[in-house]
Amino acid sequence: MGRKKRISSADLDLSQGRPTGPGLCRAEERTKVTTRQIAPLNWLTARNLAELGELTARWLEGTIATGPAYGGTLDEETRTIAPELAAVNRHGLVTLTSQPGRHIGSGCGQRAFVEGFADDASTQMIRQALLGTEIVLIVNPPAWSVTRGGILPQRPVDIAVKLHRGAALVSVGRYHTRTDIRYLYGTCGGCNRRAVASLGRAHQVTAIDPVWGRESYLWDALAVAGRDPSRR
């Protein structure tokens, strides 16, 4: 007959009459579910376009104090279109700059526009939503593709969107380089490398209402991009 293994008092749970000891402890440890503490979403922890868009939307809504890229609080002009911009950010376009339309008077006026970053799917969704509208859409290739992939950006586009005393004061449609993005979102915005890289891999999208002073046309057109296709 084989020798019986002795069970010491140290290996016996006296209250339950069952074996314990190192072997059982190791088995119990293997069954434990470990949970990783999730860091709160902020400009330092954001990792992708969706998270950057959500943070930008929160900043526009006033629930966080610090904004992207340029930082600081909203100016009065941006407040007038903040709800529309927040929706745009949550629908896939991480906005960088924008302005509302202002009717021309005394040589001054504005075209409504917005520019930002979007992935392939969101860019296609915006294209489809604006198809057949009067909106001017400019899509430049990702900065990463231009830097490393040998893809050239489109010819320089320079569309005036703000007049002051009859002269163009602000123009948009230009291409943002990888250095631009790193400076705006990394150096100034405090975003981490993964977030900056997601912007570098994104298409650069600019949408402009060509009619001076028209206030809601652009935002109504972009709102279609965020709707369920079956409800359009």
# chains A, B, ... in the order shown; residues from 1 in each chain; ligands from 1
$ residues_around --residues "Val196 of chain A" --least-positions-apart "6" --cutoff "10 Å" --atoms "only C-alpha atoms" --output "number ranges by chain"
A: 46-49, 52, 178, 181-186, 189-190
$ residues_around --residues "segment 89-92 of chain A" --least-positions-apart "4" --cutoff "6 Å" --atoms "only C-alpha atoms" --output "PDB file with all heavy atoms, in the first residue's frame"
ATOM      1  N   GLY A  53     -12.840  64.176 -29.904  1.00  0.00           N
ATOM      2  CA  GLY A  53     -14.102  64.806 -30.275  1.00  0.00           C
ATOM      3  C   GLY A  53     -15.022  64.985 -29.083  1.00  0.00           C
ATOM      4  O   GLY A  53     -15.680  66.023 -28.937  1.00  0.00           O
ATOM      5  N   GLU A  54     -15.063  63.981 -28.206  1.00  0.00           N
ATOM      6  CA  GLU A  54     -15.900  64.078 -27.010  1.00  0.00           C
ATOM      7  C   GLU A  54     -15.404  65.185 -26.085  1.00  0.00           C
ATOM      8  O   GLU A  54     -16.202  65.962 -25.545  1.00  0.00           O
ATOM      9  CB  GLU A  54     -15.909  62.738 -26.275  1.00  0.00           C
ATOM     10  CG  GLU A  54     -16.674  62.737 -24.960  1.00  0.00           C
ATOM     11  CD  GLU A  54     -18.135  63.117 -25.101  1.00  0.00           C
ATOM     12  OE1 GLU A  54     -18.732  62.850 -26.167  1.00  0.00           O
ATOM     13  OE2 GLU A  54     -18.689  63.702 -24.144  1.00  0.00           O
ATOM     14  N   ALA A  57     -16.302  68.528 -27.542  1.00  0.00           N
ATOM     15  CA  ALA A  57     -17.735  68.784 -27.333  1.00  0.00           C
ATOM     16  C   ALA A  57     -18.001  69.246 -25.904  1.00  0.00           C
ATOM     17  O   ALA A  57     -18.782  70.179 -25.670  1.00  0.00           O
ATOM     18  CB  ALA A  57     -18.536  67.525 -27.653  1.00  0.00           C
ATOM     19  N   ALA A 118     -10.978  64.056 -39.488  1.00  0.00           N
ATOM     20  CA  ALA A 118     -11.933  62.946 -39.518  1.00  0.00           C
ATOM     21  C   ALA A 118     -11.280  61.705 -40.111  1.00  0.00           C
ATOM     22  O   ALA A 118     -10.412  61.806 -40.988  1.00  0.00           O
ATOM     23  CB  ALA A 118     -13.167  63.322 -40.335  1.00  0.00           C
ATOM     24  N   SER A 122     -15.872  58.695 -41.290  1.00  0.00           N
ATOM     25  CA  SER A 122     -16.538  59.974 -41.022  1.00  0.00           C
ATOM     26  C   SER A 122     -16.407  60.927 -42.204  1.00  0.00           C
ATOM     27  O   SER A 122     -17.339  61.674 -42.519  1.00  0.00           O
ATOM     28  CB  SER A 122     -15.951  60.615 -39.762  1.00  0.00           C
ATOM     29  OG  SER A 122     -16.223  59.826 -38.626  1.00  0.00           O
ATOM     30  N   GLY A 226     -24.793  63.255 -39.078  1.00  0.00           N
ATOM     31  CA  GLY A 226     -24.864  62.509 -37.833  1.00  0.00           C
ATOM     32  C   GLY A 226     -26.128  61.699 -37.658  1.00  0.00           C
ATOM     33  O   GLY A 226     -26.284  61.005 -36.652  1.00  0.00           O
TER      34      GLY A 226
END
$ residues_around --residues "Pro210 of chain A" --least-positions-apart "2" --cutoff "12 Å" --atoms "only C-alpha atoms" --output "PDB file with C-alpha atoms, in the first residue's frame"
ATOM      1  CA  GLY A 101     -21.923  83.596 -40.795  1.00  0.00           C
ATOM      2  CA  GLN A 110     -18.253  86.382 -42.641  1.00  0.00           C
ATOM      3  CA  ARG A 111     -18.934  83.060 -44.297  1.00  0.00           C
ATOM      4  CA  ALA A 112     -19.792  80.212 -41.931  1.00  0.00           C
ATOM      5  CA  PHE A 113     -17.136  77.510 -41.961  1.00  0.00           C
ATOM      6  CA  THR A 133     -25.836  71.031 -51.193  1.00  0.00           C
ATOM      7  CA  GLU A 134     -24.147  74.370 -51.840  1.00  0.00           C
ATOM      8  CA  ILE A 135     -21.445  73.695 -49.249  1.00  0.00           C
ATOM      9  CA  VAL A 136     -17.842  73.875 -50.470  1.00  0.00           C
ATOM     10  CA  LEU A 137     -15.997  70.821 -49.124  1.00  0.00           C
ATOM     11  CA  ILE A 159     -10.882  80.761 -49.683  1.00  0.00           C
ATOM     12  CA  ALA A 160     -11.711  84.047 -47.961  1.00  0.00           C
ATOM     13  CA  VAL A 161     -14.216  83.648 -45.127  1.00  0.00           C
ATOM     14  CA  LYS A 162     -13.881  86.980 -43.326  1.00  0.00           C
ATOM     15  CA  ALA A 207     -16.653  72.850 -45.004  1.00  0.00           C
ATOM     16  CA  ILE A 208     -17.608  76.376 -46.093  1.00  0.00           C
ATOM     17  CA  TRP A 212     -21.834  85.530 -47.014  1.00  0.00           C
ATOM     18  CA  GLY A 213     -23.866  85.994 -43.854  1.00  0.00           C
ATOM     19  CA  ARG A 214     -25.968  82.827 -44.052  1.00  0.00           C
ATOM     20  CA  GLU A 215     -26.243  81.593 -40.473  1.00  0.00           C
ATOM     21  CA  TYR A 217     -27.313  76.484 -43.706  1.00  0.00           C
ATOM     22  CA  LEU A 218     -23.910  74.900 -42.992  1.00  0.00           C
TER      23      LEU A 218
END
$ residues_around --residues "Glu77 of chain A" --least-positions-apart "5" --cutoff "12 Å" --atoms "only C-alpha atoms" --output "list of chain:residue names"
A:Leu60, A:Ala82, A:Thr97, A:Ser98, A:Gln99, A:Pro100, A:Gly101, A:Arg102, A:Gln110, A:Ala112
$ residues_around --residues "segment 197-200 of chain A" --least-positions-apart "6" --cutoff "6 Å" --atoms "only C-alpha atoms" --output "PDB file with N, CA, C and O atoms, in the first residue's frame"
ATOM      1  N   ASN A  48      -7.592  58.801 -29.088  1.00  0.00           N
ATOM      2  CA  ASN A  48      -8.038  58.674 -30.469  1.00  0.00           C
ATOM      3  C   ASN A  48      -8.989  59.811 -30.835  1.00  0.00           C
ATOM      4  O   ASN A  48      -9.320  60.667 -30.001  1.00  0.00           O
ATOM      5  N   PRO A 142      -4.180  62.971 -45.007  1.00  0.00           N
ATOM      6  CA  PRO A 142      -3.584  62.990 -43.665  1.00  0.00           C
ATOM      7  C   PRO A 142      -2.134  63.464 -43.695  1.00  0.00           C
ATOM      8  O   PRO A 142      -1.402  63.199 -44.651  1.00  0.00           O
ATOM      9  N   ALA A 143      -1.732  64.147 -42.645  1.00  0.00           N
ATOM     10  CA  ALA A 143      -0.354  64.640 -42.560  1.00  0.00           C
ATOM     11  C   ALA A 143       0.643  63.493 -42.578  1.00  0.00           C
ATOM     12  O   ALA A 143       1.732  63.610 -43.138  1.00  0.00           O
ATOM     13  N   TRP A 144       0.275  62.356 -41.962  1.00  0.00           N
ATOM     14  CA  TRP A 144       1.175  61.195 -41.937  1.00  0.00           C
ATOM     15  C   TRP A 144       1.433  60.685 -43.351  1.00  0.00           C
ATOM     16  O   TRP A 144       2.549  60.325 -43.706  1.00  0.00           O
TER      17      TRP A 144
END
$ residues_around --residues "Thr45 of chain A" --least-positions-apart "5" --cutoff "8 Å" --atoms "only C-alpha atoms" --output "MDAnalysis selection string"
chainID A and resid 39:40 191:192
$ write_last_selection --atoms "C-alpha atoms" --output "mmCIF file, in the first residue's frame"
data_model
loop_
_atom_site.group_PDB
_atom_site.id
_atom_site.type_symbol
_atom_site.label_atom_id
_atom_site.label_comp_id
_atom_site.auth_asym_id
_atom_site.auth_seq_id
_atom_site.Cartn_x
_atom_site.Cartn_y
_atom_site.Cartn_z
ATOM 1 C CA ALA A 39 -8.106 57.037 -15.882
ATOM 2 C CA PRO A 40 -10.614 59.894 -16.297
ATOM 3 C CA CYS A 191 -2.250 65.765 -25.714
ATOM 4 C CA ASN A 192 -0.239 62.550 -25.638
#
$ select_by_dssp --residues "segment 26-222 of chain A" --states "helix (DSSP H, G or I)" --output "PyMOL selection string"
chain A and resi 26-31+49-61+76-79+82-90+120-130+143-148+178-188+193-200+217-222
$ closest_residue --among "A:Val170, A:Glu61, A:Met125, A:Gly72" --to "Cys188 of chain A" --atoms "only C-alpha atoms"
A:Gly72
$ atom_distance --atom1 "atom CA of Trp59 of chain A" --atom2 "atom CA of Asp119 of chain A"
21.3 Å
$ select_by_dssp --residues "segment 65-197 of chain A" --states "strand (DSSP E)" --output "PyMOL selection string"
chain A and resi 94-99+102-105+108-110+113-118+136-140+159-164+167-172
$ write_last_selection --atoms "C-alpha atoms" --output "PDB file, in the first residue's frame"
ATOM      1  CA  VAL A  94     -12.816  66.861 -34.451  1.00  0.00           C
ATOM      2  CA  THR A  95     -13.064  70.598 -35.010  1.00  0.00           C
ATOM      3  CA  LEU A  96     -10.050  72.893 -34.998  1.00  0.00           C
ATOM      4  CA  THR A  97     -11.417  76.277 -36.128  1.00  0.00           C
ATOM      5  CA  SER A  98     -14.823  77.627 -37.116  1.00  0.00           C
ATOM      6  CA  GLN A  99     -16.983  80.721 -37.287  1.00  0.00           C
ATOM      7  CA  ARG A 102     -22.221  87.389 -40.533  1.00  0.00           C
ATOM      8  CA  HIS A 103     -23.977  89.608 -43.070  1.00  0.00           C
ATOM      9  CA  ILE A 104     -21.785  92.046 -44.953  1.00  0.00           C
ATOM     10  CA  GLY A 105     -22.027  95.620 -43.748  1.00  0.00           C
ATOM     11  CA  CYS A 108     -17.160  93.550 -43.092  1.00  0.00           C
ATOM     12  CA  GLY A 109     -18.757  90.108 -43.124  1.00  0.00           C
ATOM     13  CA  GLN A 110     -18.253  86.382 -42.641  1.00  0.00           C
ATOM     14  CA  PHE A 113     -17.136  77.510 -41.961  1.00  0.00           C
ATOM     15  CA  VAL A 114     -15.641  74.699 -39.905  1.00  0.00           C
ATOM     16  CA  GLU A 115     -12.430  72.739 -40.270  1.00  0.00           C
ATOM     17  CA  GLY A 116     -11.129  69.707 -38.443  1.00  0.00           C
ATOM     18  CA  PHE A 117      -9.995  66.093 -38.590  1.00  0.00           C
ATOM     19  CA  ALA A 118     -11.933  62.946 -39.518  1.00  0.00           C
ATOM     20  CA  VAL A 136     -17.842  73.875 -50.470  1.00  0.00           C
ATOM     21  CA  LEU A 137     -15.997  70.821 -49.124  1.00  0.00           C
ATOM     22  CA  ILE A 138     -12.197  70.596 -49.072  1.00  0.00           C
ATOM     23  CA  VAL A 139     -10.550  67.323 -48.022  1.00  0.00           C
ATOM     24  CA  ASN A 140      -6.774  67.246 -47.678  1.00  0.00           C
ATOM     25  CA  ILE A 159     -10.882  80.761 -49.683  1.00  0.00           C
ATOM     26  CA  ALA A 160     -11.711  84.047 -47.961  1.00  0.00           C
ATOM     27  CA  VAL A 161     -14.216  83.648 -45.127  1.00  0.00           C
ATOM     28  CA  LYS A 162     -13.881  86.980 -43.326  1.00  0.00           C
ATOM     29  CA  LEU A 163     -13.836  90.508 -44.716  1.00  0.00           C
ATOM     30  CA  HIS A 164     -12.660  93.609 -42.916  1.00  0.00           C
ATOM     31  CA  ALA A 167     -10.291  93.132 -47.727  1.00  0.00           C
ATOM     32  CA  ALA A 168      -9.919  89.433 -46.954  1.00  0.00           C
ATOM     33  CA  LEU A 169      -8.875  89.097 -43.329  1.00  0.00           C
ATOM     34  CA  VAL A 170      -9.189  85.314 -42.843  1.00  0.00           C
ATOM     35  CA  SER A 171      -8.854  82.534 -45.432  1.00  0.00           C
ATOM     36  CA  VAL A 172      -9.195  78.768 -44.950  1.00  0.00           C
TER      37      VAL A 172
END
$ atom_distance --atom1 "atom CA of Asp158 of chain A" --atom2 "atom CA of Gly173 of chain A"
5.6 Å
$ atom_distance --atom1 "atom CA of Trp43 of chain A" --atom2 "atom CA of Thr63 of chain A"
13.6 Å
$ closest_residue --among "A:Val205, A:Thr78, A:Asn42, A:Glu51" --to "Ala65 of chain A" --atoms "only C-alpha atoms"
A:Asn42
